[in-house]
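input13.txt follows; it contains compact mmCIF, C-alpha atoms.
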```txt
# COMPACT_ATOMS: atom_id res chain seq x y z
CA MET A 1147 -7.02 20.41 -23.58
CA ARG A 1148 -4.04 21.93 -25.31
CA LYS A 1149 -3.49 21.07 -28.96
CA ILE A 1150 0.20 21.04 -29.77
CA LYS A 1151 2.26 20.24 -32.83
CA ILE A 1152 4.99 17.85 -31.75
CA THR A 1153 8.65 18.84 -32.14
CA ALA A 1154 11.70 17.89 -30.09
CA ASP A 1155 11.27 21.03 -27.99
CA THR A 1156 7.53 20.67 -27.39
CA ARG A 1157 8.00 17.00 -26.43
CA ARG A 1158 10.60 18.02 -23.85
CA ASN A 1159 8.34 20.76 -22.45
CA ILE A 1160 5.43 18.34 -22.10
CA MET A 1161 7.62 15.86 -20.21
CA GLU A 1162 8.70 18.59 -17.81
CA ASP A 1163 5.07 19.55 -17.27
CA LEU A 1164 3.95 15.98 -16.60
CA LEU A 1165 6.81 15.26 -14.22
CA LYS A 1166 5.61 18.06 -11.94
CA ARG A 1167 2.97 15.52 -10.84
CA SER A 1168 5.59 13.05 -9.62
CA PRO A 1169 5.93 12.40 -5.86
CA ALA A 1170 9.61 13.23 -6.35
CA SER A 1171 8.52 16.83 -7.01
CA TYR A 1172 6.70 17.27 -3.70
CA GLY A 1173 9.67 17.89 -1.46
CA GLN A 1174 7.75 20.42 0.61
CA TYR A 1175 5.68 17.56 2.06
CA GLU A 1176 8.55 15.18 2.81
CA ASP A 1177 9.56 16.61 6.18
CA LYS A 1178 5.97 16.48 7.40
CA VAL A 1179 5.56 12.89 6.22
CA LYS A 1180 8.89 11.81 7.71
CA ALA A 1181 7.87 13.32 11.04
CA ILE A 1182 4.62 11.33 11.04
CA VAL A 1183 6.43 8.13 10.08
CA GLU A 1184 9.03 8.58 12.81
CA ASP A 1185 6.38 9.40 15.38
CA VAL A 1186 4.49 6.19 14.64
CA ARG A 1187 7.74 4.24 14.72
CA ILE A 1188 8.47 5.52 18.22
CA ARG A 1189 5.03 5.82 19.81
CA GLY A 1190 3.14 3.14 17.89
CA ASP A 1191 -0.59 2.95 18.59
CA GLU A 1192 -0.59 6.15 20.60
CA ALA A 1193 0.58 8.16 17.58
CA LEU A 1194 -1.60 6.17 15.16
CA PHE A 1195 -4.77 6.92 17.14
CA GLU A 1196 -3.78 10.55 17.62
CA TYR A 1197 -3.41 11.11 13.86
CA ALA A 1198 -6.74 9.37 13.23
CA ARG A 1199 -8.46 11.94 15.44
CA LYS A 1200 -6.48 14.83 13.96
CA PHE A 1201 -6.74 14.03 10.24
CA ASP A 1202 -9.82 11.82 9.90
CA GLY A 1203 -11.97 12.90 12.84
CA VAL A 1204 -12.38 9.31 14.01
CA THR A 1205 -11.68 7.79 17.42
CA LEU A 1206 -9.70 4.58 17.07
CA THR A 1207 -8.59 2.35 19.91
CA ALA A 1208 -6.97 -1.03 20.32
CA ASP A 1209 -10.48 -2.46 20.62
CA ASN A 1210 -11.92 -1.12 17.36
CA ILE A 1211 -9.03 -0.60 14.93
CA GLU A 1212 -9.33 -4.12 13.51
CA VAL A 1213 -12.34 -5.01 11.40
CA THR A 1214 -14.38 -7.77 13.01
CA GLU A 1215 -16.15 -10.74 11.43
CA SER A 1216 -19.48 -9.17 12.34
CA GLU A 1217 -18.52 -6.03 10.42
CA ILE A 1218 -17.68 -8.16 7.39
CA GLU A 1219 -20.99 -10.01 7.68
CA GLU A 1220 -22.79 -6.67 7.82
CA ALA A 1221 -20.89 -5.56 4.70
CA TYR A 1222 -22.14 -8.61 2.80
CA SER A 1223 -25.71 -7.72 3.74
CA LEU A 1224 -25.24 -4.21 2.33
CA VAL A 1225 -23.60 -5.09 -0.99
CA ASP A 1226 -25.84 -5.68 -3.97
CA GLN A 1227 -25.80 -9.32 -5.06
CA LYS A 1228 -25.13 -8.36 -8.67
CA LEU A 1229 -22.05 -6.41 -7.58
CA LEU A 1230 -20.91 -9.41 -5.52
CA GLU A 1231 -21.19 -11.60 -8.62
CA VAL A 1232 -19.13 -9.07 -10.62
CA ILE A 1233 -16.46 -8.98 -7.90
CA ARG A 1234 -16.24 -12.77 -8.00
CA LYS A 1235 -16.01 -12.84 -11.80
CA ALA A 1236 -13.30 -10.18 -11.79
CA LEU A 1237 -11.35 -12.01 -9.08
CA LYS A 1238 -11.49 -15.21 -11.12
CA SER A 1239 -10.08 -13.40 -14.19
CA ILE A 1240 -7.37 -11.65 -12.19
CA THR A 1241 -6.33 -14.83 -10.38
CA SER A 1242 -6.25 -16.87 -13.59
CA TYR A 1243 -4.03 -14.30 -15.28
CA HIS A 1244 -1.59 -14.15 -12.38
CA GLU A 1245 -1.41 -17.94 -12.05
CA LYS A 1246 0.52 -17.91 -15.32
CA GLN A 1247 3.22 -15.76 -13.69
CA LYS A 1248 4.17 -18.31 -11.03
CA GLN A 1249 7.82 -19.29 -10.88
CA ASN A 1250 9.28 -22.57 -9.67
CA SER A 1251 12.46 -23.35 -7.83
CA TRP A 1252 15.06 -25.14 -9.97
CA MET A 1253 18.33 -27.05 -9.66
CA THR A 1254 21.05 -28.16 -12.08
CA VAL A 1255 23.48 -30.99 -11.21
CA GLU A 1256 26.70 -31.33 -13.19
CA ASP A 1257 30.20 -32.64 -12.39
CA GLY A 1258 29.89 -32.36 -8.63
CA LYS A 1259 28.20 -28.95 -8.74
CA ILE A 1260 24.62 -28.26 -7.69
CA LEU A 1261 23.39 -24.82 -8.64
CA GLY A 1262 19.88 -23.55 -8.28
CA GLN A 1263 17.34 -20.98 -7.27
CA ARG A 1264 14.77 -21.33 -4.52
CA VAL A 1265 11.57 -19.30 -4.85
CA THR A 1266 9.70 -18.47 -1.64
CA PRO A 1267 6.97 -15.92 -0.85
CA VAL A 1268 7.40 -13.06 1.58
CA ALA A 1269 6.04 -14.01 5.01
CA ARG A 1270 3.58 -11.14 5.41
CA ALA A 1271 2.34 -8.57 2.90
CA GLY A 1272 0.57 -5.30 3.65
CA VAL A 1273 -1.99 -3.84 1.26
CA TYR A 1274 -3.01 -0.18 1.47
CA VAL A 1275 -6.42 0.61 -0.01
CA PRO A 1276 -7.50 4.26 -0.42
CA GLY A 1277 -10.81 5.39 1.03
CA GLY A 1278 -10.96 9.09 0.43
CA LYS A 1279 -12.48 10.57 -2.74
CA ALA A 1280 -13.76 7.26 -4.04
CA VAL A 1281 -14.19 3.59 -3.13
CA TYR A 1282 -11.76 1.11 -4.68
CA PRO A 1283 -12.69 -2.57 -4.26
CA SER A 1284 -10.87 -3.13 -7.56
CA SER A 1285 -7.60 -2.11 -5.87
CA VAL A 1286 -8.22 -4.74 -3.23
CA LEU A 1287 -8.48 -7.48 -5.86
CA MET A 1288 -5.50 -6.27 -7.88
CA ASN A 1289 -3.16 -6.08 -4.89
CA VAL A 1290 -4.29 -9.18 -3.04
CA ALA A 1291 -4.69 -11.67 -5.92
CA PRO A 1292 -1.01 -11.81 -6.94
CA ALA A 1293 0.01 -12.12 -3.28
CA LYS A 1294 -2.33 -15.08 -2.86
CA VAL A 1295 -1.05 -16.70 -6.04
CA ALA A 1296 2.53 -16.20 -4.82
CA GLY A 1297 1.62 -18.10 -1.66
CA VAL A 1298 2.05 -15.29 0.88
CA PRO A 1299 1.01 -16.88 4.21
CA GLU A 1300 -0.51 -13.73 5.73
CA ILE A 1301 -2.00 -10.67 4.02
CA ILE A 1302 -2.80 -7.57 6.07
CA MET A 1303 -4.98 -4.82 4.65
CA ILE A 1304 -5.23 -1.29 5.98
CA THR A 1305 -7.71 1.32 4.79
CA PRO A 1306 -9.27 4.55 6.08
CA CYS A 1307 -12.68 4.44 7.71
CA GLY A 1308 -15.36 7.09 7.98
CA LYS A 1309 -16.02 9.18 11.08
CA ASP A 1310 -18.51 6.51 12.06
CA GLY A 1311 -15.69 3.96 12.19
CA LYS A 1312 -16.99 2.00 9.21
CA VAL A 1313 -15.18 0.90 6.05
CA TYR A 1314 -16.91 0.88 2.66
CA PRO A 1315 -18.91 -2.38 2.47
CA SER A 1316 -17.71 -3.20 -1.04
CA THR A 1317 -14.10 -2.82 0.10
CA LEU A 1318 -14.63 -5.29 2.94
CA VAL A 1319 -16.45 -7.76 0.72
CA ALA A 1320 -13.69 -7.61 -1.92
CA ALA A 1321 -11.09 -8.20 0.80
CA LYS A 1322 -12.92 -11.22 2.15
CA GLU A 1323 -13.43 -12.69 -1.32
CA ALA A 1324 -9.78 -12.16 -2.24
CA GLY A 1325 -8.51 -13.81 0.93
CA VAL A 1326 -7.23 -11.00 3.15
CA ASP A 1327 -6.40 -12.36 6.60
CA ARG A 1328 -6.78 -9.22 8.75
CA ILE A 1329 -8.10 -5.71 8.05
CA PHE A 1330 -7.25 -2.54 9.96
CA LYS A 1331 -8.80 0.93 9.94
CA SER A 1332 -6.26 3.64 9.30
CA GLY A 1333 -5.18 5.88 6.45
CA GLY A 1334 -2.46 8.21 5.27
CA ALA A 1335 1.23 8.24 6.10
CA GLN A 1336 0.53 6.92 9.59
CA ALA A 1337 -1.01 3.74 8.19
CA ILE A 1338 2.05 3.06 6.04
CA ALA A 1339 4.30 3.61 9.05
CA ALA A 1340 2.21 1.20 11.13
CA LEU A 1341 2.64 -1.51 8.49
CA ALA A 1342 6.37 -0.81 8.13
CA PHE A 1343 7.30 -0.84 11.82
CA GLY A 1344 4.38 -2.55 13.50
CA THR A 1345 2.48 -1.31 16.54
CA ALA A 1346 0.78 -3.06 19.43
CA SER A 1347 -2.31 -3.40 17.25
CA VAL A 1348 -1.01 -3.53 13.67
CA PRO A 1349 1.49 -6.27 12.72
CA LYS A 1350 4.71 -5.41 10.91
CA VAL A 1351 4.82 -6.58 7.29
CA ASP A 1352 7.65 -7.37 4.88
CA LYS A 1353 6.19 -5.73 1.78
CA ILE A 1354 3.76 -2.82 1.31
CA VAL A 1355 1.74 -2.43 -1.88
CA GLY A 1356 -1.18 -0.30 -2.95
CA PRO A 1357 -1.94 3.21 -4.23
CA GLY A 1358 -2.67 6.35 -2.24
CA ASN A 1359 -2.38 10.12 -2.16
CA ILE A 1360 0.84 12.11 -2.00
CA TYR A 1361 1.21 11.46 1.74
CA VAL A 1362 0.89 7.72 1.23
CA ALA A 1363 3.35 7.78 -1.68
CA LEU A 1364 5.94 9.77 0.29
CA ALA A 1365 5.47 7.54 3.35
CA LYS A 1366 6.20 4.48 1.22
CA LYS A 1367 9.32 6.23 0.00
CA ALA A 1368 10.33 6.99 3.61
CA VAL A 1369 9.95 3.39 4.84
CA PHE A 1370 11.61 1.75 1.84
CA GLY A 1371 14.58 -0.19 3.16
CA TYR A 1372 12.83 -1.09 6.39
CA VAL A 1373 10.36 -2.95 4.19
CA SER A 1374 9.97 -3.55 0.48
CA ILE A 1375 7.40 -1.55 -1.49
CA ASP A 1376 5.83 -1.98 -4.92
CA SER A 1377 6.48 1.55 -6.23
CA ILE A 1378 6.01 5.23 -5.45
CA ALA A 1379 3.03 5.83 -7.68
CA GLY A 1380 1.96 9.19 -9.04
CA PRO A 1381 -1.44 10.29 -10.38
CA SER A 1382 -3.19 8.20 -13.01
CA GLU A 1383 -2.57 8.73 -16.71
CA VAL A 1384 -3.80 7.48 -20.06
CA MET A 1385 -2.43 7.96 -23.53
CA VAL A 1386 -4.16 7.06 -26.81
CA LEU A 1387 -1.99 6.52 -29.88
CA ALA A 1388 -4.27 6.88 -32.90
CA ASP A 1389 -4.25 7.42 -36.62
CA GLU A 1390 -7.00 8.65 -38.95
CA THR A 1391 -8.89 5.34 -38.64
CA ALA A 1392 -9.72 5.87 -34.95
CA ASN A 1393 -13.26 6.56 -33.73
CA ALA A 1394 -13.20 10.01 -32.10
CA HIS A 1395 -16.30 9.21 -30.02
CA TYR A 1396 -14.54 6.23 -28.42
CA VAL A 1397 -11.18 7.98 -28.02
CA ALA A 1398 -12.74 10.93 -26.19
CA ALA A 1399 -14.59 8.61 -23.81
CA ASP A 1400 -11.40 6.74 -23.00
CA LEU A 1401 -9.44 9.91 -22.30
CA LEU A 1402 -12.14 11.07 -19.90
CA SER A 1403 -12.14 7.74 -18.07
CA GLN A 1404 -8.78 8.56 -16.50
CA ALA A 1405 -9.21 12.33 -16.22
CA GLU A 1406 -11.99 11.75 -13.70
CA HIS A 1407 -9.61 10.15 -11.17
CA ASP A 1408 -8.31 13.46 -9.82
CA GLU A 1409 -7.15 16.94 -10.80
CA LEU A 1410 -3.58 15.72 -11.35
CA ALA A 1411 -4.51 12.89 -13.73
CA SER A 1412 -3.30 13.23 -17.31
CA ALA A 1413 -5.10 12.33 -20.53
CA ILE A 1414 -3.14 12.56 -23.78
CA LEU A 1415 -3.98 11.87 -27.41
CA VAL A 1416 -1.01 11.29 -29.72
CA THR A 1417 -2.12 11.23 -33.33
CA THR A 1418 -1.00 11.66 -36.90
CA SER A 1419 -4.40 13.15 -37.80
CA ASP A 1420 -5.08 16.82 -37.17
CA LYS A 1421 -8.72 16.16 -38.06
CA LEU A 1422 -9.02 13.44 -35.40
CA ALA A 1423 -7.58 15.77 -32.75
CA ASP A 1424 -10.26 18.37 -33.52
CA GLU A 1425 -13.02 15.74 -33.52
CA VAL A 1426 -11.89 14.34 -30.18
CA GLU A 1427 -11.92 17.81 -28.63
CA LYS A 1428 -15.51 18.33 -29.80
CA GLU A 1429 -16.55 14.90 -28.48
CA ILE A 1430 -15.08 15.71 -25.07
CA GLU A 1431 -17.14 18.89 -24.88
CA GLY A 1432 -20.22 16.84 -25.68
CA TYR A 1433 -19.52 14.28 -22.95
CA LEU A 1434 -18.74 16.68 -20.10
CA PRO A 1435 -22.30 17.75 -19.17
CA LYS A 1436 -23.26 14.09 -18.71
CA LEU A 1437 -20.44 13.14 -16.31
CA SER A 1438 -20.72 13.18 -12.50
CA ARG A 1439 -17.13 14.27 -11.87
CA ARG A 1440 -17.14 17.08 -14.43
CA GLU A 1441 -15.36 19.59 -12.20
CA ILE A 1442 -12.44 17.23 -11.55
CA ILE A 1443 -12.25 16.27 -15.23
CA GLU A 1444 -12.13 19.89 -16.38
CA LYS A 1445 -9.28 20.70 -14.01
CA SER A 1446 -7.38 17.60 -15.09
CA LEU A 1447 -7.78 18.39 -18.79
CA LYS A 1448 -6.88 22.03 -18.31
CA ASN A 1449 -3.64 21.23 -16.48
CA TYR A 1450 -2.50 17.91 -17.94
CA GLY A 1451 -4.64 17.19 -21.00
CA TYR A 1452 -2.99 17.25 -24.42
CA LEU A 1453 -3.88 16.70 -28.06
CA LEU A 1454 -0.49 16.03 -29.64
CA VAL A 1455 -0.33 16.08 -33.44
CA CYS A 1456 2.64 14.43 -35.15
CA ASP A 1457 3.83 14.60 -38.76
CA ASN A 1458 4.09 10.81 -39.08
CA MET A 1459 3.68 7.59 -37.14
CA GLN A 1460 7.37 7.34 -36.27
CA ASP A 1461 7.22 10.74 -34.53
CA ALA A 1462 4.09 9.58 -32.73
CA ILE A 1463 5.78 6.37 -31.58
CA ASP A 1464 8.85 8.31 -30.41
CA THR A 1465 6.56 10.58 -28.39
CA VAL A 1466 4.77 7.61 -26.81
CA ASN A 1467 8.07 5.95 -25.87
CA GLU A 1468 9.42 9.18 -24.40
CA ILE A 1469 6.39 9.90 -22.23
CA ALA A 1470 6.08 6.22 -21.17
CA SER A 1471 2.50 6.41 -19.99
CA GLU A 1472 0.85 4.25 -17.36
CA HIS A 1473 -1.95 3.18 -19.74
CA LEU A 1474 -1.52 3.18 -23.51
CA GLU A 1475 -4.33 2.53 -25.95
CA ILE A 1476 -3.28 1.82 -29.55
CA VAL A 1477 -6.03 2.57 -32.05
CA THR A 1478 -4.38 2.42 -35.45
CA ARG A 1479 -5.02 0.61 -38.72
CA ASP A 1480 -2.89 -2.32 -37.47
CA PRO A 1481 -2.50 -1.98 -33.68
CA TRP A 1482 -0.60 -5.25 -33.35
CA GLU A 1483 2.07 -4.06 -35.77
CA THR A 1484 2.22 -0.66 -34.08
CA MET A 1485 2.66 -2.39 -30.71
CA THR A 1486 5.96 -3.95 -31.82
CA HIS A 1487 7.50 -0.46 -31.89
CA ILE A 1488 6.42 0.49 -28.37
CA LYS A 1489 9.11 0.05 -25.73
CA ASN A 1490 7.73 1.99 -22.78
CA ALA A 1491 4.22 1.63 -21.37
CA GLY A 1492 2.73 0.22 -18.18
CA ALA A 1493 -0.08 -1.62 -19.97
CA MET A 1494 -1.18 -1.62 -23.60
CA PHE A 1495 -4.73 -1.90 -24.89
CA LEU A 1496 -5.00 -2.84 -28.57
CA GLY A 1497 -7.91 -1.99 -30.82
CA GLU A 1498 -11.01 0.15 -30.43
CA TYR A 1499 -12.85 -2.37 -28.25
CA SER A 1500 -10.07 -2.67 -25.65
CA SER A 1501 -11.09 0.29 -23.54
CA GLU A 1502 -8.76 1.08 -20.62
CA PRO A 1503 -11.38 0.43 -17.88
CA LEU A 1504 -11.26 -3.24 -18.92
CA GLY A 1505 -7.83 -3.32 -17.34
CA ASP A 1506 -8.95 -1.37 -14.30
CA TYR A 1507 -11.59 -3.88 -13.35
CA PHE A 1508 -12.03 -7.08 -15.20
CA ALA A 1509 -9.72 -8.40 -17.92
CA GLY A 1510 -7.15 -9.93 -15.56
CA PRO A 1511 -3.83 -8.07 -15.96
CA ASN A 1512 -2.96 -5.94 -12.97
CA HIS A 1513 -3.96 -2.29 -12.83
CA VAL A 1514 -1.13 -1.29 -10.45
CA LEU A 1515 1.20 0.23 -13.03
CA PRO A 1516 4.29 2.45 -13.28
CA THR A 1517 3.49 6.17 -13.65
CA ASN A 1518 5.30 9.42 -14.48
CA GLY A 1519 7.61 7.92 -17.09
CA THR A 1520 8.81 5.12 -14.81
CA ALA A 1521 7.51 2.53 -17.30
CA LYS A 1522 10.97 2.97 -18.82
CA PHE A 1523 12.38 0.91 -15.95
CA PHE A 1524 9.51 -0.34 -13.73
CA SER A 1525 6.95 -3.08 -14.36
CA VAL A 1526 3.33 -3.80 -13.55
CA LEU A 1527 2.57 -5.33 -10.14
CA SER A 1528 2.82 -9.10 -10.41
CA VAL A 1529 3.42 -12.34 -8.55
CA ASP A 1530 7.14 -11.51 -8.73
CA ASP A 1531 6.57 -8.66 -6.28
CA PHE A 1532 5.62 -11.12 -3.55
CA ILE A 1533 8.41 -13.66 -3.91
CA LYS A 1534 12.08 -13.86 -3.01
CA LYS A 1535 14.70 -15.69 -5.04
CA THR A 1536 17.50 -17.36 -3.14
CA SER A 1537 20.59 -18.73 -4.90
CA ILE A 1538 21.79 -22.24 -4.03
CA ILE A 1539 25.42 -23.35 -4.48
CA SER A 1540 26.87 -26.74 -3.56
CA TYR A 1541 30.30 -27.96 -4.78
CA SER A 1542 31.95 -31.28 -4.12
CA ARG A 1543 35.64 -31.35 -3.18
CA ASP A 1544 36.63 -32.41 -6.69
CA ALA A 1545 34.57 -29.67 -8.29
CA LEU A 1546 36.12 -27.01 -6.06
CA LYS A 1547 39.61 -28.40 -6.69
CA GLU A 1548 39.22 -27.67 -10.39
CA VAL A 1549 38.58 -23.96 -9.87
CA TYR A 1550 39.97 -22.96 -6.47
CA LYS A 1551 43.13 -21.40 -7.90
CA ASP A 1552 41.02 -19.29 -10.26
CA VAL A 1553 38.92 -18.10 -7.34
CA MET A 1554 42.04 -17.27 -5.33
CA GLN A 1555 43.50 -15.26 -8.18
CA PHE A 1556 40.31 -13.24 -8.49
CA ALA A 1557 40.30 -12.57 -4.73
CA GLU A 1558 43.98 -11.58 -4.68
CA CYS A 1559 43.36 -9.21 -7.59
CA GLU A 1560 40.90 -7.42 -5.35
CA LYS A 1561 43.35 -7.60 -2.43
CA LEU A 1562 40.92 -9.68 -0.40
CA THR A 1563 43.38 -12.19 1.03
CA ALA A 1564 40.89 -13.65 3.51
CA HIS A 1565 38.66 -14.52 0.57
CA ALA A 1566 41.55 -16.29 -1.12
CA ASN A 1567 42.52 -18.07 2.07
CA SER A 1568 38.96 -19.28 2.63
CA VAL A 1569 39.20 -21.30 -0.58
CA GLY A 1570 42.89 -22.20 -0.49
CA VAL A 1571 42.86 -23.55 3.06
CA ARG A 1572 40.88 -26.56 1.85
CA PHE A 1573 43.84 -27.67 -0.30
CA GLU A 1574 46.81 -26.46 1.73
CA ASP A 1575 48.11 -30.01 2.22
CA GLU A 1576 48.37 -30.42 -1.55
CA ASP A 1577 50.25 -27.20 -2.40
```
If you took the structure in this file and wrote it as structure tokens, what would it be?
Amino acid sequence: MRKIKITADTRRNIMEDLLKRSPASYGQYEDKVKAIVEDVRIRGDEALFEYARKFDGVTLTADNIEVTESEIEEAYSLVDQKLLEVIRKALKSITSYHEKQKQNSWMTVEDGKILGQRVTPVARAGVYVPGGKAVYPSSVLMNVAPAKVAGVPEIIMITPCGKDGKVYPSTLVAAKEAGVDRIFKSGGAQAIAALAFGTASVPKVDKIVGPGNIYVALAKKAVFGYVSIDSIAGPSEVMVLADETANAHYVAADLLSQAEHDELASAILVTTSDKLADEVEKEIEGYLPKLSRREIIEKSLKNYGYLLVCDNMQDAIDTVNEIASEHLEIVTRDPWETMTHIKNAGAMFLGEYSSEPLGDYFAGPNHVLPTNGTAKFFSVLSVDDFIKKTSIISYSRDALKEVYKDVMQFAECEKLTAHANSVGVRFEDED
């Protein structure tokens, strides 16, 4: 990890370095992804099965692309019962948290006017679940639970399978527990295209959510507009904001928990204590020999790991708000007070016992979060992502009569005479 004294210039340089990881910076892949997406749009299953053979070495057909009930039953027989219990506990926490986000339709009635908002779920949601370097049943729960709470009538999941045509058992079990209606075997840009446009085998959806590699991210970008998407997510990232009271042993462990995701993940300590920065670096060196994904972690820390030392807490807070990390741990003397000064973060974890993996798996808040500084304007995945809000307007004749001349004047100001006429024609006998 690089230890850097924070100044305005160094902060700017770090931001530039981190933004290299953004899908927006991978233009060299866009043409390839767009070609795949367009091919699936035109040729449907034929293209989907062709890419499965080419990229994944698996033979898919209309007869085996959809996961069967017998495959799900087999998955249950292969998953450890203790893990099944944990999945169910996590799902309960996640569902309970998201239940509090539900919105209701509403109406106001006043002087002949009825104004309101109708809240309805999208008809069909598509969830992409990665299946490459690691298995992610947690992503299944996090993406499906808010859709279920929102009342989405049909949830379609799509995920890569192995060359043997099988999907990770824990992924299938999580999907069944969460309430997925249908599951399909496919990965990469071609899977996103199948969800966006539909094929003979894979139904078209209205919204696509879920993380993936650069090809998945760019495919979601390419189909946005044909369907809605949650976000174009970049690699994972964690930031720890700490003062001299923080436990270096814990801080180092938390930084490593995200660095192990992949080589592009970032792990950043922002601190007012030069001593803590040095202690954390030593702790990291002590942990590395014990960790299974050491090679990935070392590459991540070398490229995107930072120990940022600030003169005071205000400089540290400014740095945190500028970088706008996906995950932010606050380990200061009074983390709740420090939190009030943070404007930009995907999720915040307060205190030394609120380790980031709690949010990944179990606490309840969603782990699908804005990355690459987009926490400045994007939010965590929620029930809101699976609903539509429709405005309702109903005026009586008397209510319209009171304002129709105002409406006409506005329309005429914009030189939209048909707009003005549409209102005025209702009172032409009175003028």
Residues near A:Glu1502, cut-off 10 Å, all atoms listed in the file, skip fewer than 3 positions along chain, as a CSV table (one decimal) with C-alpha atoms, keeping the file's coordinate frame:
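Here's the written file selection.csv:
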```csv
chain,number,residue,atom,x,y,z
A,1384,VAL,CA,-3.8,7.5,-20.1
A,1385,MET,CA,-2.4,8.0,-23.5
A,1386,VAL,CA,-4.2,7.1,-26.8
A,1400,ASP,CA,-11.4,6.7,-23.0
A,1401,LEU,CA,-9.4,9.9,-22.3
A,1403,SER,CA,-12.1,7.7,-18.1
A,1404,GLN,CA,-8.8,8.6,-16.5
A,1473,HIS,CA,-2.0,3.2,-19.7
A,1474,LEU,CA,-1.5,3.2,-23.5
A,1475,GLU,CA,-4.3,2.5,-26.0
A,1493,ALA,CA,-0.1,-1.6,-20.0
A,1494,MET,CA,-1.2,-1.6,-23.6
A,1495,PHE,CA,-4.7,-1.9,-24.9
A,1496,LEU,CA,-5.0,-2.8,-28.6
A,1499,TYR,CA,-12.8,-2.4,-28.2
A,1505,GLY,CA,-7.8,-3.3,-17.3
A,1506,ASP,CA,-9.0,-1.4,-14.3
A,1507,TYR,CA,-11.6,-3.9,-13.4
A,1509,ALA,CA,-9.7,-8.4,-17.9
A,1513,HIS,CA,-4.0,-2.3,-12.8
```
Nearest residue to A:Glu1215 from the set A:Val1186, A:Ala1291, A:Leu1318, A:Ala1462 (distances using all atoms listed in the file):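 Looking at the shortest contact to A:Glu1215, the residue is A:Leu1318.
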Minimum-distance residue to A:Lys1421, chosen among A:Glu1444, A:Asp1389, A:Glu1256, A:Glu1472 (using only C-alpha atoms): A:Asp1389
Selected residue, from A:Gln1247, A:Lys1309, A:Ala1339, A:Val1213, that lies nearest to A:Val1326 when counting all atoms listed in the file: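 Selected residue with least distance to A:Val1326: A:Val1213.
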Distance query A:Glu1196 at most 12 Å, all atoms listed in the file, self and fewer than 3 positions along chain excluded, as a VMD selection string: chain A and resid 1182 1185 to 1186 1189 to 1193 1199 to 1207 1332 1336 to 1337
Pairwise distance for atom CA of A:Tyr1243 and atom CA of A:Thr1317, rounded to one decimal in Å: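 We find that atom CA of A:Tyr1243 and atom CA of A:Thr1317 lie 21.7 Å from each other.
For the choices A:Val1183, A:Leu1165, A:Ala1221, A:Met1554, the atom-to-atom distance to A:Phe1370 is smallest for A:Val1183 when using all atoms listed in the file.
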Coordinates-based distance that separates atom CA of A:Ser1500 from atom CA of A:Ile1476 (Å, one decimal): 9.0 Å
Can you list, as a compact mmCIF listing (two decimals) with C-alpha atoms, keeping the file's coordinate frame, every protein, DNA or RNA residue that comes within 6 Å of A:Tyr1274 when you count only C-alpha atoms, leaving out same-chain residues fewer than 6 positions away?
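To be explicit, this is the file written out as part_4.txt:
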```txt
# COMPACT_ATOMS: atom_id res chain seq x y z
CA MET A 1303 -4.98 -4.82 4.65
CA ILE A 1304 -5.23 -1.29 5.98
CA THR A 1305 -7.71 1.32 4.79
CA GLY A 1356 -1.18 -0.30 -2.95
```
Distance cut-off 7 Å, centre (2.9, -13.9, 3.1) in file coordinates, counting all atoms listed in the file: which residues qualify? Return them as a short mmCIF file (atom, residue, chain, number, x, y, z; two decimals) with C-alpha atoms, in the frame of the given file.
```cif
data_model
loop_
_atom_site.label_atom_id
_atom_site.label_comp_id
_atom_site.auth_asym_id
_atom_site.auth_seq_id
_atom_site.Cartn_x
_atom_site.Cartn_y
_atom_site.Cartn_z
CA PRO A 1267 6.97 -15.92 -0.85
CA VAL A 1268 7.40 -13.06 1.58
CA ALA A 1269 6.04 -14.01 5.01
CA ARG A 1270 3.58 -11.14 5.41
CA ALA A 1271 2.34 -8.57 2.90
CA GLY A 1297 1.62 -18.10 -1.66
CA VAL A 1298 2.05 -15.29 0.88
CA PRO A 1299 1.01 -16.88 4.21
CA GLU A 1300 -0.51 -13.73 5.73
CA ILE A 1301 -2.00 -10.67 4.02
#
```
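A straight line drawn from atom CA of A:Thr1520 to atom CA of A:Ala1470 is 7.0 Å long.
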Residue nearest A:Thr1517 among A:Ala1346, A:Met1253, A:Leu1164, A:Ala1545 (counting only C-alpha atoms):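 Once distances to A:Thr1517 are computed over only C-alpha atoms, the minimum belongs to A:Leu1164.
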Please list as a JSON list (two decimals) with C-alpha atoms, keeping the file's coordinate frame every residue within 9 Å of A:Ala1342, counting all atoms listed in the file and excluding residues in the same chain fewer than 2 positions away.
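To be explicit, this is the file written out as selection-v3.json:
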```json
[["chain", "number", "residue", "atom", "x", "y", "z"],
["A", 1187, "ARG", "CA", 7.74, 4.24, 14.72],
["A", 1272, "GLY", "CA", 0.57, -5.30, 3.65],
["A", 1337, "ALA", "CA", -1.01, 3.74, 8.19],
["A", 1338, "ILE", "CA", 2.05, 3.06, 6.04],
["A", 1339, "ALA", "CA", 4.30, 3.61, 9.05],
["A", 1340, "ALA", "CA", 2.21, 1.20, 11.13],
["A", 1344, "GLY", "CA", 4.38, -2.55, 13.50],
["A", 1349, "PRO", "CA", 1.49, -6.27, 12.72],
["A", 1350, "LYS", "CA", 4.71, -5.41, 10.91],
["A", 1351, "VAL", "CA", 4.82, -6.58, 7.29],
["A", 1352, "ASP", "CA", 7.65, -7.37, 4.88],
["A", 1353, "LYS", "CA", 6.19, -5.73, 1.78],
["A", 1354, "ILE", "CA", 3.76, -2.82, 1.31],
["A", 1366, "LYS", "CA", 6.20, 4.48, 1.22],
["A", 1369, "VAL", "CA", 9.95, 3.39, 4.84],
["A", 1370, "PHE", "CA", 11.61, 1.75, 1.84],
["A", 1372, "TYR", "CA", 12.83, -1.09, 6.39],
["A", 1373, "VAL", "CA", 10.36, -2.95, 4.19],
["A", 1374, "SER", "CA", 9.97, -3.55, 0.48]]
```
